[in-house]
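File shown: final.cif (mmCIF, C-alpha atoms).
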data_entry
#
loop_
_atom_site.label_atom_id
_atom_site.label_comp_id
_atom_site.auth_asym_id
_atom_site.auth_seq_id
_atom_site.Cartn_x
_atom_site.Cartn_y
_atom_site.Cartn_z
CA GLY A 237 -9.46 16.20 -39.08
CA ILE A 238 -9.25 12.76 -37.61
CA ARG A 239 -8.84 12.30 -33.86
CA ASP A 240 -7.63 9.08 -32.39
CA LEU A 241 -7.74 8.73 -28.59
CA VAL A 242 -6.17 5.66 -27.07
CA ARG A 243 -7.24 5.19 -23.44
CA SER A 244 -4.66 4.13 -20.88
CA ARG A 245 -4.97 0.63 -19.44
CA GLY A 246 -2.53 1.27 -16.59
CA LEU A 247 0.39 3.26 -15.27
CA GLY A 248 2.76 2.24 -18.06
CA ASP A 249 0.54 3.16 -20.98
CA VAL A 250 0.89 6.46 -22.79
CA TYR A 251 -1.96 8.71 -23.85
CA LYS A 252 -1.76 9.62 -27.51
CA ARG A 253 -3.66 12.06 -29.61
CA GLN A 254 -3.02 12.39 -33.30
CA VAL A 255 -4.39 15.13 -35.48
CA SER A 256 -4.00 15.05 -39.22
CA THR A 257 -5.22 17.40 -41.90
CA GLN A 258 -5.68 16.14 -45.43
CA SER A 259 -5.56 19.54 -47.07
CA THR A 260 -1.93 20.24 -46.13
CA GLY A 261 -0.73 16.71 -45.57
CA VAL A 262 0.74 17.83 -42.24
CA ARG A 263 0.51 15.36 -39.39
CA PHE A 264 1.05 16.21 -35.71
CA SER A 265 1.55 13.66 -32.99
CA PHE A 266 1.52 14.49 -29.26
CA SER A 267 2.33 12.07 -26.49
CA GLN A 268 3.50 12.15 -22.88
CA PRO A 269 6.79 10.41 -22.20
CA GLN A 270 6.54 7.31 -20.01
CA SER A 271 9.11 8.83 -17.63
CA LEU A 272 6.36 11.04 -16.16
CA GLN A 273 5.27 8.20 -13.90
CA ILE A 274 5.33 9.40 -10.31
CA LYS A 275 6.83 7.10 -7.70
CA MET A 276 6.04 7.87 -4.11
CA SER A 277 8.62 7.35 -1.39
CA TRP A 278 7.87 4.79 1.31
CA GLN A 279 7.43 7.64 3.80
CA ALA A 280 4.85 9.24 1.49
CA TYR A 281 2.83 6.01 1.57
CA ILE A 282 2.87 6.20 5.39
CA ASP A 283 1.93 9.89 5.48
CA SER A 284 -0.64 9.99 2.66
CA SER A 285 -2.04 6.51 2.06
CA LEU A 286 -2.23 5.43 5.70
CA LEU A 287 -2.12 8.32 8.20
CA GLY A 288 -3.70 10.73 5.71
CA THR A 289 -6.94 8.73 5.70
CA GLY A 290 -7.60 9.58 9.34
CA HIS A 291 -8.29 5.89 10.08
CA ILE A 292 -4.71 4.86 10.85
CA LYS A 293 -2.86 6.54 13.76
CA ARG A 294 0.53 4.80 13.57
CA ALA A 295 2.06 2.92 10.68
CA LEU A 296 5.15 1.14 9.47
CA ILE A 297 6.35 -0.42 6.23
CA CYS A 298 9.20 -2.92 6.46
CA GLY A 299 10.83 -5.63 4.41
CA HIS A 300 10.22 -9.34 4.97
CA ASP A 301 13.41 -9.37 7.07
CA GLY A 302 11.94 -6.83 9.52
CA THR A 303 14.06 -3.89 8.35
CA ALA A 304 11.94 -0.74 8.60
CA TRP A 305 11.61 1.22 5.34
CA ALA A 306 9.38 3.98 6.72
CA PHE A 307 7.32 4.62 9.85
CA SER A 308 5.20 7.24 11.56
CA ALA A 309 6.68 9.46 14.26
CA GLY A 310 6.82 7.80 17.65
CA PHE A 311 6.12 4.30 16.31
CA SER A 312 9.15 2.06 16.37
CA PRO A 313 8.51 -1.58 17.18
CA SER A 314 11.66 -3.48 18.18
CA ALA A 315 13.42 -5.86 15.79
CA PRO A 316 12.32 -8.94 17.79
CA GLU A 317 8.70 -7.68 17.74
CA LEU A 318 8.80 -7.28 13.95
CA LYS A 319 10.48 -10.65 13.42
CA GLY A 320 7.83 -12.33 15.61
CA LEU A 321 5.08 -10.58 13.68
CA ILE A 322 6.49 -11.59 10.29
CA LYS A 323 6.92 -15.18 11.52
CA GLY A 324 3.15 -15.13 12.17
CA PHE A 325 2.47 -15.20 8.42
CA SER A 326 3.94 -18.72 8.25
CA ASP A 327 3.06 -19.78 11.82
CA ASN A 328 -0.61 -18.77 12.07
CA ALA A 329 -1.31 -20.95 15.11
CA GLY A 330 1.71 -19.53 16.93
CA ILE A 331 0.67 -15.88 16.54
CA GLN A 332 -2.94 -16.82 17.34
CA SER A 333 -1.84 -18.17 20.73
CA SER A 334 0.93 -15.66 21.56
CA GLY A 335 -0.77 -12.50 20.31
CA ILE A 336 0.88 -9.54 18.59
CA THR A 337 3.27 -7.21 20.40
CA LEU A 338 4.25 -3.94 18.70
CA GLY A 339 5.90 -0.97 20.38
CA GLY A 340 5.41 -2.67 23.74
CA VAL A 341 1.62 -2.93 23.22
CA LYS A 342 0.12 -6.43 23.14
CA TYR A 343 -2.85 -7.12 20.86
CA MET A 344 -5.09 -10.20 20.83
CA THR A 345 -4.85 -11.91 17.44
CA LEU A 346 -8.23 -12.05 15.71
CA ARG A 347 -7.14 -13.46 12.38
CA ALA A 348 -3.91 -14.75 10.88
CA ASP A 349 -3.20 -16.22 7.46
CA ASN A 350 -0.35 -16.04 4.94
CA ARG A 351 -1.42 -12.53 3.79
CA SER A 352 -3.11 -10.72 6.71
CA ILE A 353 -2.89 -10.58 10.49
CA TYR A 354 -5.47 -8.64 12.51
CA GLY A 355 -5.23 -7.82 16.19
CA LYS A 356 -7.37 -6.00 18.75
CA LYS A 357 -6.79 -4.21 22.06
CA GLY A 358 -9.79 -2.46 23.60
CA ALA A 359 -11.48 -0.27 20.99
CA GLY A 360 -8.30 -0.13 18.86
CA GLY A 361 -6.28 -2.64 16.95
CA VAL A 362 -3.68 -3.43 14.33
CA VAL A 363 -3.89 -4.53 10.69
CA VAL A 364 -0.81 -6.17 9.16
CA VAL A 365 -0.63 -7.18 5.49
CA LYS A 366 2.20 -8.88 3.63
CA THR A 367 2.94 -8.10 -0.03
CA GLY A 368 5.55 -9.62 -2.33
CA GLN A 369 8.39 -7.59 -0.78
CA ALA A 370 6.92 -5.57 2.10
CA VAL A 371 4.92 -5.81 5.30
CA ILE A 372 2.49 -2.96 6.05
CA VAL A 373 1.47 -2.32 9.65
CA GLY A 374 -1.41 0.02 10.50
CA VAL A 375 -2.55 0.76 14.06
CA TYR A 376 -5.99 2.26 14.65
CA GLU A 377 -7.52 3.68 17.81
CA GLU A 378 -10.94 4.19 19.34
CA GLY A 379 -13.23 6.07 16.95
CA THR A 380 -12.16 4.08 13.91
CA GLN A 381 -14.15 1.04 12.90
CA PRO A 382 -11.95 -2.05 12.38
CA GLY A 383 -13.36 -2.45 8.85
CA GLN A 384 -12.29 1.09 7.91
CA ALA A 385 -8.70 0.46 9.05
CA THR A 386 -8.63 -2.93 7.37
CA THR A 387 -9.79 -1.46 4.06
CA VAL A 388 -7.10 1.25 4.12
CA VAL A 389 -4.21 -1.16 4.77
CA GLU A 390 -5.49 -3.90 2.45
CA LYS A 391 -6.00 -1.43 -0.44
CA LEU A 392 -2.44 -0.11 -0.09
CA ALA A 393 -1.19 -3.72 -0.07
CA ASP A 394 -3.18 -4.48 -3.24
CA TYR A 395 -1.70 -1.38 -4.91
CA LEU A 396 1.86 -2.39 -3.97
CA ILE A 397 1.29 -5.95 -5.17
CA GLU A 398 -0.07 -4.68 -8.52
CA ASN A 399 3.10 -2.61 -8.88
CA GLY A 400 5.56 -5.39 -8.11
CA TYR A 401 6.11 -4.84 -4.42
#
Rewrite the coordinates I just gave you, this time as structure tokens.
Amino acid sequence: GIRDLVRSRGLGDVYKRQVSTQSTGVRFSFSQPQSLQIKMSWQAYIDSSLLGTGHIKRALICGHDGTAWAFSAGFSPSAPELKGLIKGFSDNAGIQSSGITLGGVKYMTLRADNRSIYGKKGAGGVVVVKTGQAVIVGVYEEGTQPGQATTVVEKLADYLIENGY
């Protein structure tokens, strides 16, 4: 028989395997339907991709307008706090001088550009990343290295951007 394996290049591709036998002329074709793609809920991204790593203690995903899509228990920054944070992506100097306030906690801004804003308070801090449609906020505490927290939030942002969010 002849086997033909086409490797997937991404989420939308379909694995195919075709087996044919020349003696009977019968040909079988097996494939997975594209509808088997799994889409996680926004809350699942919070629980698994952020909190589940052990590096992020509190997290939030919101739209560019500041409307919360999902958040961790006990973490609910006010609407003015989120609007001020989101404004920081376009007003880097402003958020550098004013700092970041989330859930009543003020962080010193370490870095701000049109994609990422990083803040620090004591041994903890906050990592905020903007995607095409969302803003991801991850708060880390003492015991987590800033680079570990940054990697977790930035990787989720990259994944969302690759998938149109």
Applied to this file, what does the PyMOL selection byres ((chain A and resi 351-368) around 9) return in terms of residues, put as a compact mmCIF listing (two decimals) with C-alpha atoms, in the frame of the given file?
# COMPACT_ATOMS: atom_id res chain seq x y z
CA HIS A 300 10.22 -9.34 4.97
CA LEU A 321 5.08 -10.58 13.68
CA ILE A 322 6.49 -11.59 10.29
CA GLY A 324 3.15 -15.13 12.17
CA PHE A 325 2.47 -15.20 8.42
CA ASN A 328 -0.61 -18.77 12.07
CA ILE A 331 0.67 -15.88 16.54
CA GLY A 335 -0.77 -12.50 20.31
CA ILE A 336 0.88 -9.54 18.59
CA VAL A 341 1.62 -2.93 23.22
CA LYS A 342 0.12 -6.43 23.14
CA TYR A 343 -2.85 -7.12 20.86
CA MET A 344 -5.09 -10.20 20.83
CA THR A 345 -4.85 -11.91 17.44
CA LEU A 346 -8.23 -12.05 15.71
CA ARG A 347 -7.14 -13.46 12.38
CA ALA A 348 -3.91 -14.75 10.88
CA ASP A 349 -3.20 -16.22 7.46
CA ASN A 350 -0.35 -16.04 4.94
CA GLN A 369 8.39 -7.59 -0.78
CA ALA A 370 6.92 -5.57 2.10
CA VAL A 371 4.92 -5.81 5.30
CA ILE A 372 2.49 -2.96 6.05
CA VAL A 373 1.47 -2.32 9.65
CA GLY A 374 -1.41 0.02 10.50
CA VAL A 375 -2.55 0.76 14.06
CA TYR A 376 -5.99 2.26 14.65
CA GLU A 377 -7.52 3.68 17.81
CA GLU A 378 -10.94 4.19 19.34
CA GLY A 379 -13.23 6.07 16.95
CA THR A 380 -12.16 4.08 13.91
CA GLN A 381 -14.15 1.04 12.90
CA PRO A 382 -11.95 -2.05 12.38
CA ALA A 385 -8.70 0.46 9.05
CA THR A 386 -8.63 -2.93 7.37
CA VAL A 389 -4.21 -1.16 4.77
CA GLU A 390 -5.49 -3.90 2.45
CA ALA A 393 -1.19 -3.72 -0.07
CA ASP A 394 -3.18 -4.48 -3.24
CA LEU A 396 1.86 -2.39 -3.97
CA ILE A 397 1.29 -5.95 -5.17
CA GLY A 400 5.56 -5.39 -8.11
CA TYR A 401 6.11 -4.84 -4.42
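The coordinates place CA of Leu338 (chain A) at 5.9 Å from CA of Glu317 (chain A).
If all atoms listed in the file are the atoms counted, then among A:Ser308, A:Ser334, A:Ser326, A:Asn399 the closest residue to Ile292 (chain A) is A:Ser308.
Atom pair CA of Ala280 (chain A) / CA of Gly339 (chain A): separated by 21.5 Å.
Between CA of Leu296 (chain A) and CA of Lys319 (chain A) there is a distance of 13.5 Å.
What the PyMOL selection byres ((chain A and resi 306) around 8) matches in the given file is Trp278, Gln279, Ile282, Leu296, Ile297, Cys298, Ala304, Trp305, Phe307 and Ser308 of chain A.
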Would you output that residue set with C-alpha atoms, as a tab-separated table (two decimals), in the frame of the given file?
chain	number	residue	atom	x	y	z
A	278	TRP	CA	7.87	4.79	1.31
A	279	GLN	CA	7.43	7.64	3.80
A	282	ILE	CA	2.87	6.20	5.39
A	296	LEU	CA	5.15	1.14	9.47
A	297	ILE	CA	6.35	-0.42	6.23
A	298	CYS	CA	9.20	-2.92	6.46
A	304	ALA	CA	11.94	-0.74	8.60
A	305	TRP	CA	11.61	1.22	5.34
A	307	PHE	CA	7.32	4.62	9.85
A	308	SER	CA	5.20	7.24	11.56
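Considering only C-alpha atoms, the residue among A:Gly383, A:Ala309, A:Leu392, A:Glu398 positioned nearest to His291 (chain A) is A:Gly383.
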